[in-house]
file final-v9.cif (mmCIF, C-alpha atoms and all ligand atoms)
data_query
loop_
_atom_site.label_atom_id
_atom_site.label_comp_id
_atom_site.auth_asym_id
_atom_site.auth_seq_id
_atom_site.Cartn_x
_atom_site.Cartn_y
_atom_site.Cartn_z
CA MET A 1156 0.40 -22.73 -11.03
CA THR A 1157 1.40 -26.44 -10.77
CA GLY A 1158 5.11 -25.93 -11.56
CA ILE A 1159 5.42 -22.97 -9.24
CA ASN A 1160 3.53 -24.84 -6.51
CA GLU A 1161 6.06 -27.69 -6.61
CA THR A 1162 8.94 -25.19 -6.43
CA ALA A 1163 7.18 -23.38 -3.57
CA LYS A 1164 6.95 -26.62 -1.55
CA LEU A 1165 10.65 -27.33 -2.06
CA LEU A 1166 11.49 -23.73 -1.18
CA SER A 1167 9.38 -23.88 1.95
CA GLN A 1168 11.42 -26.85 3.18
CA LYS A 1169 14.66 -24.99 2.40
CA PHE A 1170 13.51 -21.99 4.45
CA LYS A 1171 12.93 -24.30 7.41
CA ASP A 1172 16.17 -26.28 6.93
CA GLU A 1173 18.29 -23.13 6.68
CA GLY A 1174 17.04 -21.57 9.92
CA PHE A 1175 14.49 -18.97 8.79
CA THR A 1176 13.07 -17.56 12.04
CA GLY A 1177 9.86 -16.11 10.57
CA THR A 1178 6.81 -17.97 9.28
CA VAL A 1179 6.46 -19.86 5.97
CA SER A 1180 3.34 -21.23 4.27
CA VAL A 1181 2.55 -22.51 0.79
CA ASP A 1182 -0.59 -21.95 -1.29
CA ALA A 1183 -1.51 -19.20 1.16
CA PRO A 1184 -4.81 -17.30 0.60
CA LEU A 1185 -4.11 -13.59 0.15
CA ALA A 1186 -7.67 -12.21 0.18
CA PRO A 1187 -7.86 -12.17 4.01
CA LEU A 1188 -4.61 -10.18 4.07
CA THR A 1189 -6.01 -7.42 1.86
CA TRP A 1190 -8.49 -4.64 2.61
CA TYR A 1191 -10.35 -5.54 -0.58
CA LYS A 1192 -10.87 -9.16 0.58
CA ILE A 1193 -10.20 -10.18 -3.02
CA GLY A 1194 -7.66 -12.41 -4.75
CA GLY A 1195 -6.25 -15.93 -4.96
CA SER A 1196 -3.34 -17.52 -3.13
CA ALA A 1197 0.39 -16.89 -2.99
CA ALA A 1198 2.51 -19.83 -4.13
CA ILE A 1199 4.58 -19.14 -1.00
CA LEU A 1200 4.09 -16.60 1.77
CA VAL A 1201 6.85 -15.79 4.24
CA GLU A 1202 7.14 -13.33 7.10
CA ALA A 1203 10.73 -12.22 7.71
CA HIS A 1204 11.62 -11.32 11.29
CA SER A 1205 15.23 -10.19 10.90
CA VAL A 1206 17.80 -9.02 8.37
CA THR A 1207 19.24 -12.56 8.44
CA ASP A 1208 15.80 -13.85 7.38
CA LEU A 1209 15.76 -11.33 4.51
CA ALA A 1210 19.24 -12.36 3.36
CA LEU A 1211 18.13 -16.00 3.34
CA ALA A 1212 14.96 -15.14 1.39
CA LYS A 1213 17.07 -13.27 -1.16
CA LYS A 1214 19.51 -16.17 -1.52
CA LEU A 1215 16.68 -18.69 -2.00
CA ILE A 1216 14.94 -16.50 -4.60
CA ASP A 1217 18.23 -15.96 -6.43
CA ASP A 1218 18.68 -19.76 -6.55
CA ASN A 1219 15.02 -20.40 -7.52
CA PRO A 1220 13.98 -17.34 -9.56
CA MET A 1221 10.32 -16.39 -9.10
CA PRO A 1222 8.31 -13.17 -8.83
CA LEU A 1223 8.59 -11.35 -5.48
CA LEU A 1224 5.94 -9.17 -3.86
CA VAL A 1225 6.58 -7.25 -0.66
CA MET A 1226 3.28 -6.78 1.12
CA GLY A 1227 2.40 -4.37 3.89
CA ALA A 1228 -1.12 -4.23 5.33
CA GLY A 1229 -2.69 -4.88 1.91
CA SER A 1230 -4.75 -1.68 1.85
CA ASN A 1231 -3.64 -0.51 -1.58
CA ILE A 1232 -3.29 -3.72 -3.54
CA LEU A 1233 -5.61 -5.62 -5.83
CA VAL A 1234 -4.58 -9.28 -5.99
CA SER A 1235 -5.44 -11.23 -9.14
CA ASP A 1236 -8.20 -13.84 -8.87
CA GLU A 1237 -5.51 -16.37 -9.90
CA GLY A 1238 -3.32 -15.32 -6.97
CA PHE A 1239 0.39 -14.47 -6.96
CA PRO A 1240 2.64 -16.99 -8.74
CA GLY A 1241 5.71 -16.36 -6.60
CA LEU A 1242 6.89 -15.39 -3.15
CA VAL A 1243 4.97 -12.87 -1.06
CA LEU A 1244 7.13 -11.35 1.65
CA ARG A 1245 5.71 -9.71 4.76
CA LEU A 1246 7.72 -8.16 7.55
CA GLY A 1247 7.40 -8.83 11.28
CA GLY A 1248 9.77 -9.33 14.23
CA ILE A 1249 12.26 -6.46 14.53
CA PHE A 1250 10.53 -4.67 11.65
CA ALA A 1251 7.48 -4.21 13.90
CA SER A 1252 9.42 -2.19 16.50
CA ILE A 1253 9.05 1.48 17.34
CA ASP A 1254 11.51 3.60 19.37
CA VAL A 1255 11.58 7.24 20.42
CA ASP A 1256 14.89 9.14 20.82
CA GLU A 1257 15.76 10.70 24.19
CA ASN A 1258 14.79 14.24 23.10
CA GLU A 1259 11.42 12.91 21.93
CA THR A 1260 11.76 14.62 18.53
CA ARG A 1261 12.41 11.52 16.41
CA ILE A 1262 10.67 8.17 16.06
CA ARG A 1263 12.51 5.21 14.55
CA VAL A 1264 9.78 2.97 13.23
CA GLY A 1265 9.80 -0.42 11.50
CA ALA A 1266 8.12 -0.86 8.11
CA ALA A 1267 5.67 -3.41 9.54
CA VAL A 1268 4.28 -1.00 12.14
CA PRO A 1269 0.66 0.05 11.45
CA LEU A 1270 0.29 3.79 10.76
CA LEU A 1271 -2.22 3.88 13.61
CA THR A 1272 0.47 2.78 16.08
CA LEU A 1273 2.86 5.43 14.76
CA ILE A 1274 0.16 8.10 15.10
CA ARG A 1275 -0.60 7.03 18.70
CA GLU A 1276 3.12 7.24 19.56
CA SER A 1277 3.38 10.70 18.01
CA VAL A 1278 0.43 11.87 20.13
CA ARG A 1279 1.96 10.35 23.28
CA ILE A 1280 5.17 12.37 22.87
CA GLY A 1281 3.52 15.38 21.20
CA LEU A 1282 5.22 15.32 17.78
CA ASP A 1283 3.34 17.02 14.97
CA GLY A 1284 2.91 16.09 11.30
CA ILE A 1285 2.04 12.41 11.65
CA GLU A 1286 -1.54 13.22 12.75
CA ARG A 1287 -2.20 14.21 9.13
CA LEU A 1288 -2.08 10.50 8.22
CA ALA A 1289 -5.00 9.68 10.55
CA GLY A 1290 -7.50 7.35 8.93
CA ILE A 1291 -5.10 5.98 6.31
CA PRO A 1292 -4.95 2.24 6.87
CA GLY A 1293 -1.71 0.48 6.15
CA SER A 1294 1.80 -0.01 7.39
CA VAL A 1295 4.73 2.40 7.54
CA GLY A 1296 6.46 0.50 4.68
CA GLY A 1297 3.40 0.68 2.42
CA ALA A 1298 2.90 4.36 3.25
CA ILE A 1299 6.50 5.19 2.31
CA PHE A 1300 6.25 3.17 -0.92
CA MET A 1301 3.06 5.08 -1.85
CA ASN A 1302 4.08 8.39 -0.24
CA ALA A 1303 0.63 8.15 1.33
CA GLY A 1304 -1.09 11.27 2.58
CA THR A 1305 -3.99 13.58 1.99
CA TYR A 1306 -4.26 16.14 -0.81
CA GLY A 1307 -0.77 17.46 -1.61
CA ASP A 1308 0.73 16.04 1.62
CA GLY A 1309 2.70 12.81 1.87
CA ILE A 1310 4.57 10.89 4.57
CA GLY A 1311 7.78 11.69 2.65
CA GLY A 1312 7.70 15.23 4.06
CA LEU A 1313 8.06 13.87 7.61
CA ILE A 1314 10.95 11.54 6.93
CA GLU A 1315 14.59 12.04 7.91
CA THR A 1316 15.96 8.71 6.68
CA VAL A 1317 14.82 5.32 5.40
CA ASP A 1318 16.74 2.07 5.99
CA VAL A 1319 16.57 -0.12 2.92
CA PHE A 1320 17.44 -3.71 2.01
CA THR A 1321 18.40 -3.12 -1.60
CA ALA A 1322 17.54 -5.38 -4.51
CA THR A 1323 21.20 -6.44 -4.51
CA GLY A 1324 21.09 -7.39 -0.83
CA GLU A 1325 22.88 -4.35 0.70
CA LEU A 1326 21.71 -2.48 3.79
CA GLU A 1327 21.62 1.25 3.05
CA THR A 1328 20.26 4.41 4.65
CA TRP A 1329 18.67 6.90 2.26
CA ASP A 1330 17.68 10.52 2.76
CA PRO A 1331 14.30 11.79 1.44
CA LEU A 1332 15.88 13.01 -1.83
CA GLU A 1333 17.17 9.52 -2.56
CA CYS A 1334 13.68 8.14 -1.88
CA GLY A 1335 12.32 10.29 -4.75
CA PHE A 1336 9.04 11.21 -3.08
CA GLU A 1337 6.39 12.69 -5.36
CA TYR A 1338 2.58 12.80 -5.29
CA ARG A 1339 1.58 9.19 -4.28
CA SER A 1340 4.87 7.97 -5.66
CA SER A 1341 8.43 7.16 -4.61
CA ARG A 1342 11.54 5.65 -6.10
CA PHE A 1343 10.55 2.33 -4.47
CA GLN A 1344 7.83 1.94 -7.12
CA MET A 1345 10.55 1.61 -9.77
CA THR A 1346 12.83 -0.83 -7.90
CA ASP A 1347 12.77 -4.05 -5.86
CA ASP A 1348 14.28 -2.38 -2.78
CA ILE A 1349 12.63 -3.27 0.54
CA ILE A 1350 11.82 -0.57 3.08
CA LEU A 1351 12.85 -1.72 6.58
CA PHE A 1352 12.81 1.28 8.95
CA ALA A 1353 12.28 5.03 8.86
CA VAL A 1354 13.21 7.89 11.12
CA ILE A 1355 10.31 10.33 11.35
CA THR A 1356 10.68 13.80 12.78
CA GLY A 1357 8.53 16.84 13.60
CA GLN A 1358 7.99 19.77 15.95
CA ARG A 1359 6.91 19.40 19.59
CA VAL A 1360 3.31 20.40 20.23
CA GLU A 1361 0.61 19.81 22.85
CA PRO A 1362 -0.82 16.25 22.46
CA GLU A 1363 -4.32 17.67 22.93
CA LYS A 1364 -3.94 19.71 19.73
CA LEU A 1365 -3.02 16.54 17.85
CA ASN A 1366 -5.98 14.62 19.28
CA THR A 1367 -8.38 17.34 18.14
CA GLU A 1368 -6.93 17.29 14.63
CA ILE A 1369 -7.10 13.47 14.46
CA GLU A 1370 -10.74 13.44 15.56
CA ARG A 1371 -11.57 16.11 12.96
CA ARG A 1372 -9.96 14.07 10.20
CA LEU A 1373 -11.55 10.76 11.25
CA ASP A 1374 -14.94 12.41 11.49
CA LYS A 1375 -14.58 13.87 7.99
CA ARG A 1376 -13.64 10.45 6.60
CA LYS A 1377 -16.66 8.81 8.22
CA LYS A 1378 -18.90 11.36 6.53
CA THR A 1379 -17.27 11.30 3.10
CA GLN A 1380 -15.85 7.79 2.61
CA PRO A 1381 -17.54 4.34 2.54
CA ILE A 1382 -15.18 3.00 5.23
CA GLU A 1383 -17.70 0.37 6.34
CA LEU A 1384 -17.09 -1.65 3.14
CA PRO A 1385 -13.91 -3.31 1.80
CA SER A 1386 -11.99 -1.09 -0.63
CA CYS A 1387 -8.48 0.14 -1.41
CA GLY A 1388 -9.32 3.82 -0.89
CA CYS A 1389 -9.04 5.89 -4.07
CA VAL A 1390 -8.53 3.76 -7.16
CA PHE A 1391 -7.21 6.67 -9.27
CA LYS A 1392 -4.74 9.46 -8.51
CA ASN A 1393 -5.96 13.03 -8.75
CA PRO A 1394 -4.94 14.51 -12.11
CA ASP A 1395 -3.35 17.95 -12.52
CA GLY A 1396 -5.97 20.68 -12.63
CA ASP A 1397 -8.70 21.80 -10.30
CA LYS A 1398 -10.98 18.75 -10.51
CA SER A 1399 -10.29 15.66 -8.40
CA ALA A 1400 -10.60 12.17 -9.90
CA ALA A 1401 -13.75 11.71 -7.77
CA ARG A 1402 -15.31 14.89 -9.21
CA LEU A 1403 -14.48 13.86 -12.80
CA MET A 1404 -15.99 10.42 -12.20
CA GLN A 1405 -19.07 11.94 -10.63
CA ASP A 1406 -19.51 14.36 -13.57
CA ALA A 1407 -19.26 11.36 -15.90
CA GLY A 1408 -22.30 9.83 -14.15
CA LEU A 1409 -20.36 6.92 -12.69
CA LYS A 1410 -21.82 6.97 -9.15
CA GLY A 1411 -23.39 3.61 -8.30
CA GLU A 1412 -22.08 1.90 -11.47
CA ARG A 1413 -21.67 -1.82 -10.82
CA ALA A 1414 -19.80 -4.91 -12.10
CA GLY A 1415 -20.78 -8.02 -10.14
CA ASP A 1416 -20.39 -7.11 -6.46
CA ALA A 1417 -17.97 -4.24 -7.22
CA VAL A 1418 -19.65 -0.84 -7.02
CA ILE A 1419 -18.51 2.74 -7.59
CA SER A 1420 -19.43 4.23 -4.22
CA SER A 1421 -22.12 6.87 -4.12
CA LYS A 1422 -20.46 8.33 -1.00
CA HIS A 1423 -17.04 8.83 -2.67
CA THR A 1424 -16.91 8.28 -6.43
CA ASN A 1425 -13.18 7.44 -6.49
CA PHE A 1426 -13.79 4.45 -4.17
CA ILE A 1427 -14.77 1.11 -5.73
CA VAL A 1428 -16.18 -1.01 -2.91
CA ASN A 1429 -16.59 -4.77 -2.61
CA GLU A 1430 -20.19 -5.41 -1.60
CA GLY A 1431 -19.54 -9.10 -0.91
CA ALA A 1432 -18.16 -11.41 -3.58
CA ALA A 1433 -16.50 -8.95 -6.00
CA THR A 1434 -13.62 -10.37 -8.03
CA ALA A 1435 -10.45 -8.63 -9.18
CA LYS A 1436 -11.88 -8.83 -12.69
CA ASP A 1437 -14.99 -6.91 -11.56
CA ILE A 1438 -12.82 -4.14 -10.08
CA ILE A 1439 -10.75 -3.88 -13.25
CA ASN A 1440 -13.86 -3.80 -15.44
CA LEU A 1441 -15.24 -0.90 -13.42
CA MET A 1442 -11.94 0.97 -13.39
CA ALA A 1443 -11.67 0.56 -17.17
CA LYS A 1444 -15.24 1.73 -17.73
CA ALA A 1445 -14.70 4.76 -15.48
CA ARG A 1446 -11.43 5.67 -17.15
CA LYS A 1447 -12.91 5.36 -20.63
CA ARG A 1448 -15.93 7.51 -19.76
CA VAL A 1449 -13.90 10.24 -18.08
CA TYR A 1450 -11.51 10.29 -21.04
CA ALA A 1451 -14.34 10.54 -23.57
CA LEU A 1452 -15.81 13.47 -21.66
CA THR A 1453 -12.69 15.43 -20.68
CA GLY A 1454 -9.66 14.07 -22.55
CA ILE A 1455 -8.12 13.25 -19.14
CA LYS A 1456 -6.70 9.74 -18.76
CA LEU A 1457 -6.85 8.83 -15.07
CA THR A 1458 -3.79 7.11 -13.58
CA PRO A 1459 -4.41 4.17 -11.24
CA GLU A 1460 -3.33 4.59 -7.61
CA VAL A 1461 -4.12 1.00 -6.60
CA ARG A 1462 -1.33 -1.53 -7.25
CA ALA A 1463 -2.47 -4.59 -9.19
CA VAL A 1464 -0.43 -7.73 -8.41
CA GLY A 1465 -0.31 -11.27 -9.81
CA PHE A 1466 -1.76 -10.36 -13.23
CA LYS A 1467 -0.19 -11.44 -16.53
CA GLU A 1468 -0.27 -7.87 -17.83
CA PRO A 1469 0.32 -4.45 -16.24
CA LEU A 1470 -2.84 -2.71 -15.00
CA GLU A 1471 -2.55 0.12 -17.57
CA VAL A 1472 -2.48 -2.43 -20.41
CA MET A 1473 -5.53 -4.25 -19.04
CA LEU A 1474 -7.43 -0.97 -18.66
CA ASP A 1475 -6.56 0.14 -22.20
CA ALA A 1476 -7.55 -3.24 -23.67
CA TRP A 1477 -11.01 -3.25 -22.02
CA LYS A 1478 -14.09 -3.16 -24.25
CA GLU A 1479 -17.68 -2.61 -23.17
CA ASP A 1480 -19.88 -5.75 -23.69
C1 LIG B 1 -10.45 3.10 3.48
C2 LIG B 1 -9.13 3.51 2.87
C3 LIG B 1 -8.73 4.82 2.89
C4 LIG B 1 -7.50 5.22 2.33
N1 LIG B 1 -7.14 6.53 2.37
C5 LIG B 1 -5.95 6.90 1.87
C6 LIG B 1 -5.52 8.28 1.92
O1 LIG B 1 -6.21 9.15 2.43
N2 LIG B 1 -4.31 8.59 1.40
C7 LIG B 1 -3.50 7.65 0.82
O2 LIG B 1 -2.39 8.00 0.38
N3 LIG B 1 -3.87 6.35 0.76
C8 LIG B 1 -5.06 5.94 1.26
N4 LIG B 1 -5.44 4.62 1.18
C9 LIG B 1 -4.58 3.65 0.47
C10 LIG B 1 -3.59 2.89 1.39
O3 LIG B 1 -4.06 2.83 2.71
C11 LIG B 1 -2.20 3.51 1.37
O4 LIG B 1 -1.68 3.52 0.06
C12 LIG B 1 -1.23 2.76 2.31
O5 LIG B 1 -0.09 3.54 2.47
C13 LIG B 1 -0.83 1.39 1.80
O6 LIG B 1 -0.06 0.75 2.83
P1 LIG B 1 -0.07 -0.84 3.00
O7 LIG B 1 0.86 -1.18 4.11
O8 LIG B 1 -1.45 -1.32 3.14
O9 LIG B 1 0.58 -1.28 1.63
P2 LIG B 1 0.15 -2.51 0.69
O10 LIG B 1 -1.21 -2.28 0.15
O11 LIG B 1 0.41 -3.79 1.35
O12 LIG B 1 1.21 -2.31 -0.48
C14 LIG B 1 1.18 -1.18 -1.31
C15 LIG B 1 2.46 -1.18 -2.14
O13 LIG B 1 3.58 -0.96 -1.26
C16 LIG B 1 4.56 -1.98 -1.43
N5 LIG B 1 5.18 -2.20 -0.13
C17 LIG B 1 4.54 -2.39 1.06
N6 LIG B 1 5.44 -2.50 2.06
C18 LIG B 1 6.67 -2.40 1.49
C19 LIG B 1 8.01 -2.45 2.02
N7 LIG B 1 8.26 -2.63 3.31
N8 LIG B 1 9.03 -2.31 1.15
C20 LIG B 1 8.79 -2.14 -0.18
N9 LIG B 1 7.56 -2.08 -0.73
C21 LIG B 1 6.50 -2.21 0.11
C22 LIG B 1 3.78 -3.18 -1.97
O14 LIG B 1 4.61 -4.03 -2.73
C23 LIG B 1 2.71 -2.53 -2.82
O15 LIG B 1 3.17 -2.30 -4.14
C24 LIG B 1 -6.66 4.23 1.73
C25 LIG B 1 -7.08 2.88 1.71
C26 LIG B 1 -8.29 2.52 2.27
C27 LIG B 1 -8.69 1.06 2.27
#
call {"tool": "encode", "arguments": {"input": "final-v9.cif", "output": "structure tokens"}}
result
Amino acid sequence: MTGINETAKLLSQKFKDEGFTGTVSVDAPLAPLTWYKIGGSAAILVEAHSVTDLALAKKLIDDNPMPLLVMGAGSNILVSDEGFPGLVLRLGGIFASIDVDENETRIRVGAAVPLLTLIRESVRIGLDGIERLAGIPGSVGGAIFMNAGTYGDGIGGLIETVDVFTATGELETWDPLECGFEYRSSRFQMTDDIILFAVITGQRVEPEKLNTEIERRLDKRKKTQPIELPSCGCVFKNPDGDKSAARLMQDAGLKGERAGDAVISSKHTNFIVNEGAATAKDIINLMAKARKRVYALTGIKLTPEVRAVGFKEPLEVMLDAWKED
């Protein structure tokens, strides 16, 4: 990454000289910013605090082309052991704000806001729907990008509008149809548009009802998911049909399978946990092994849910190319 590191240093100075109000660092370790605690460094890491900051970041990247990664809370990404050879953009400042309308039926929330904060606000005003996201780590931006949720549900079903900084530098407001929400997917996965804010809506209910539902969901997660260890949640999406990815992996005898410090959890077979010093390569080796075994047994090719970043090849290509030692 020598060439890119030199460019990153120059770019970092330009950010400062041109009045960027957020933070800028070069050769910035990404592992501590991810739930997996895995991965190398970003050539340059910036946190934008305003739309003016975003416009400046866009201008500087246009002038010094390099890969761009928008990062939320890092709970669904696997960063390459070599790191990310470009600019990693996080959001803060105004994008971490949360406001309730005067009727208390809508919440305007910034992409950098943790889902937990949004859930707490929805309980405070008694707005239903958002409690279904309880226990999902991550930010509002990451949740919209992934259409995060449980089972068939997704955050997309609660959204009225999303404010976007488009890949061409325009500010636009999109309705849910334009966001293309599908199971653990959205249009954002096909573009370089940046999610800035969302307006979330629901029905008024008693806060106590929401609290009970949240406790039920958190309790269920504690019992069924290895939340005490670093992971990215489910590594694969559930395929069509009546068997979940976890069930297919369990039937293929994958529980407890290990590569280095990466282990297929015996509590939830679709979770690959990091027991200490797992590398991105270990996680990919296990995913590939699991996918190959499930395919051999059922003819079903599991689709990754985790987003792999900083690798030379797309995750699907790496999984297909894998061969057992
Ligand atoms: C213990 C555990 C349990 C989990 N349970 C669930 C679950 O039940 N359901 C579920 O759906 N997920 C679950 N997840 C996965 C994860 O929490 C969600 O996918 C979450 O929505 C990711 O949000 P994030 O902010 O961490 O995004 P990140 O991991 O930071 O990023 C994910 C993707 O979103 C993009 N992105 C992030 N912010 C923006 C933005 N502002 N604009 C454009 N793109 C952006 C990134 O580029 C990346 O491609 C779980 C994860 C863990 C660790």
call {"tool": "atom_distance", "arguments": {"input": "final-v9.cif", "atom1": "CA of Glu1276 (chain A)", "atom2": "CA of Phe1336 (chain A)"}}
result
23.7 Å
call {"tool": "residues_near_ligand", "arguments": {"input": "final-v9.cif", "ligand": "ligand LIG 1 (chain B)", "cutoff": "6 Å", "atoms": "all atoms listed in the file", "output": "VMD selection string"}}
result
chain A and resid 1190 1224 to 1232 1266 1291 to 1294 1296 to 1298 1300 to 1301 1303 to 1305 1349 to 1351 1382 1386 to 1388 1462
call {"tool": "closest_residue", "arguments": {"input": "final-v9.cif", "among": "A:Gly1194, A:Gly1281, A:Gly1415, A:Gly1177", "to": "Leu1441 (chain A)", "atoms": "only C-alpha atoms"}}
result
A:Gly1415
call {"tool": "atom_distance", "arguments": {"input": "final-v9.cif", "atom1": "CA of Arg1263 (chain A)", "atom2": "CA of Asp1208 (chain A)"}}
result
20.6 Å
call {"tool": "closest_residue", "arguments": {"input": "final-v9.cif", "among": "A:Asn1219, A:Thr1356, A:Ser1399, A:Thr1434", "to": "Gly1307 (chain A)", "atoms": "only C-alpha atoms"}}
result
A:Ser1399
call {"tool": "atom_distance", "arguments": {"input": "final-v9.cif", "atom1": "CA of Gly1158 (chain A)", "atom2": "CA of Gly1324 (chain A)"}}
result
26.7 Å
call {"tool": "closest_residue", "arguments": {"input": "final-v9.cif", "among": "A:Pro1362, A:Phe1170, A:Asn1393, A:Ala1186", "to": "Ala1203 (chain A)", "atoms": "all atoms listed in the file"}}
result
A:Phe1170
call {"tool": "residues_near_point", "arguments": {"input": "final-v9.cif", "point": "(-0.6, 7.5, 13.2)", "cutoff": "9 Å", "atoms": "all atoms listed in the file", "output": "list in words"}}
result
Pro1269, Leu1270, Leu1271, Thr1272, Leu1273, Ile1274, Arg1275, Glu1276, Ser1277, Val1278, Ile1285, Glu1286, Arg1287, Leu1288, Ala1289, Gly1290, Ile1291 and Ile1369 of chain A
call {"tool": "closest_residue", "arguments": {"input": "final-v9.cif", "among": "A:Ser1420, A:Thr1458, A:Gln1168, A:Asn1302", "to": "Glu1337 (chain A)", "atoms": "all atoms listed in the file"}}
result
A:Asn1302
call {"tool": "axis_aligned_box", "arguments": {"input": "final-v9.cif", "around": "region 1389-1406 of chain A", "padding_each_side": "8 Å", "output": "AutoDock Vina command-line options"}}
result
--center_x -11.4 --center_y 12.8 --center_z -8.8 --size_x 32.2 --size_y 34.0 --size_z 25.5
call {"tool": "residues_around", "arguments": {"input": "final-v9.cif", "residues": "Pro1220 (chain A)", "least_positions_apart": "2", "cutoff": "12 Å", "atoms": "all atoms listed in the file", "output": "count of residues only"}}
result
16
call {"tool": "build_atoms", "arguments": {"input": "final-v9.cif", "residues": "region 1325-1331 of chain A", "atoms": "all heavy atoms", "output": "mmCIF file, keeping the file's coordinate frame"}}
result
data_model
loop_
_atom_site.group_PDB
_atom_site.id
_atom_site.type_symbol
_atom_site.label_atom_id
_atom_site.label_comp_id
_atom_site.auth_asym_id
_atom_site.auth_seq_id
_atom_site.Cartn_x
_atom_site.Cartn_y
_atom_site.Cartn_z
ATOM 1 N N GLU A 1325 22.097 -5.235 -0.191
ATOM 2 C CA GLU A 1325 22.880 -4.350 0.700
ATOM 3 C C GLU A 1325 21.927 -3.659 1.678
ATOM 4 O O GLU A 1325 20.775 -3.402 1.350
ATOM 5 C CB GLU A 1325 23.581 -3.232 -0.090
ATOM 6 C CG GLU A 1325 24.293 -3.659 -1.348
ATOM 7 C CD GLU A 1325 25.529 -4.473 -1.048
ATOM 8 O OE1 GLU A 1325 26.180 -4.193 -0.021
ATOM 9 O OE2 GLU A 1325 25.810 -5.414 -1.814
ATOM 10 N N LEU A 1326 22.484 -3.305 2.857
ATOM 11 C CA LEU A 1326 21.710 -2.480 3.790
ATOM 12 C C LEU A 1326 22.171 -1.044 3.607
ATOM 13 O O LEU A 1326 23.362 -0.749 3.741
ATOM 14 C CB LEU A 1326 21.993 -2.911 5.227
ATOM 15 C CG LEU A 1326 21.255 -4.140 5.731
ATOM 16 C CD1 LEU A 1326 21.699 -4.498 7.132
ATOM 17 C CD2 LEU A 1326 19.743 -3.916 5.707
ATOM 18 N N GLU A 1327 21.245 -0.152 3.289
ATOM 19 C CA GLU A 1327 21.620 1.250 3.050
ATOM 20 C C GLU A 1327 20.652 2.171 3.777
ATOM 21 O O GLU A 1327 19.509 1.800 4.031
ATOM 22 C CB GLU A 1327 21.589 1.567 1.543
ATOM 23 C CG GLU A 1327 22.695 0.865 0.781
ATOM 24 C CD GLU A 1327 22.697 1.208 -0.711
ATOM 25 O OE1 GLU A 1327 21.869 2.036 -1.150
ATOM 26 O OE2 GLU A 1327 23.533 0.624 -1.420
ATOM 27 N N THR A 1328 21.143 3.392 4.055
ATOM 28 C CA THR A 1328 20.260 4.410 4.650
ATOM 29 C C THR A 1328 20.137 5.555 3.653
ATOM 30 O O THR A 1328 21.152 6.089 3.199
ATOM 31 C CB THR A 1328 20.865 4.918 5.980
ATOM 32 O OG1 THR A 1328 20.977 3.798 6.860
ATOM 33 C CG2 THR A 1328 19.978 5.971 6.628
ATOM 34 N N TRP A 1329 18.907 5.870 3.287
ATOM 35 C CA TRP A 1329 18.670 6.900 2.260
ATOM 36 C C TRP A 1329 18.021 8.126 2.885
ATOM 37 O O TRP A 1329 17.201 8.022 3.808
ATOM 38 C CB TRP A 1329 17.717 6.372 1.184
ATOM 39 C CG TRP A 1329 18.293 5.247 0.369
ATOM 40 C CD1 TRP A 1329 19.551 4.705 0.445
ATOM 41 C CD2 TRP A 1329 17.610 4.494 -0.644
ATOM 42 N NE1 TRP A 1329 19.698 3.683 -0.457
ATOM 43 C CE2 TRP A 1329 18.513 3.535 -1.136
ATOM 44 C CE3 TRP A 1329 16.326 4.545 -1.177
ATOM 45 C CZ2 TRP A 1329 18.178 2.621 -2.138
ATOM 46 C CZ3 TRP A 1329 15.987 3.650 -2.179
ATOM 47 C CH2 TRP A 1329 16.908 2.701 -2.657
ATOM 48 N N ASP A 1330 18.377 9.309 2.323
ATOM 49 C CA ASP A 1330 17.680 10.520 2.760
ATOM 50 C C ASP A 1330 16.445 10.700 1.854
ATOM 51 O O ASP A 1330 16.295 9.989 0.859
ATOM 52 C CB ASP A 1330 18.626 11.734 2.752
ATOM 53 C CG ASP A 1330 19.132 12.084 1.372
ATOM 54 O OD1 ASP A 1330 18.407 11.808 0.388
ATOM 55 O OD2 ASP A 1330 20.248 12.623 1.256
ATOM 56 N N PRO A 1331 15.560 11.652 2.205
ATOM 57 C CA PRO A 1331 14.300 11.790 1.440
ATOM 58 C C PRO A 1331 14.531 12.023 -0.059
ATOM 59 O O PRO A 1331 13.771 11.521 -0.886
ATOM 60 C CB PRO A 1331 13.618 12.989 2.084
ATOM 61 C CG PRO A 1331 14.145 13.022 3.468
ATOM 62 C CD PRO A 1331 15.560 12.540 3.391
#
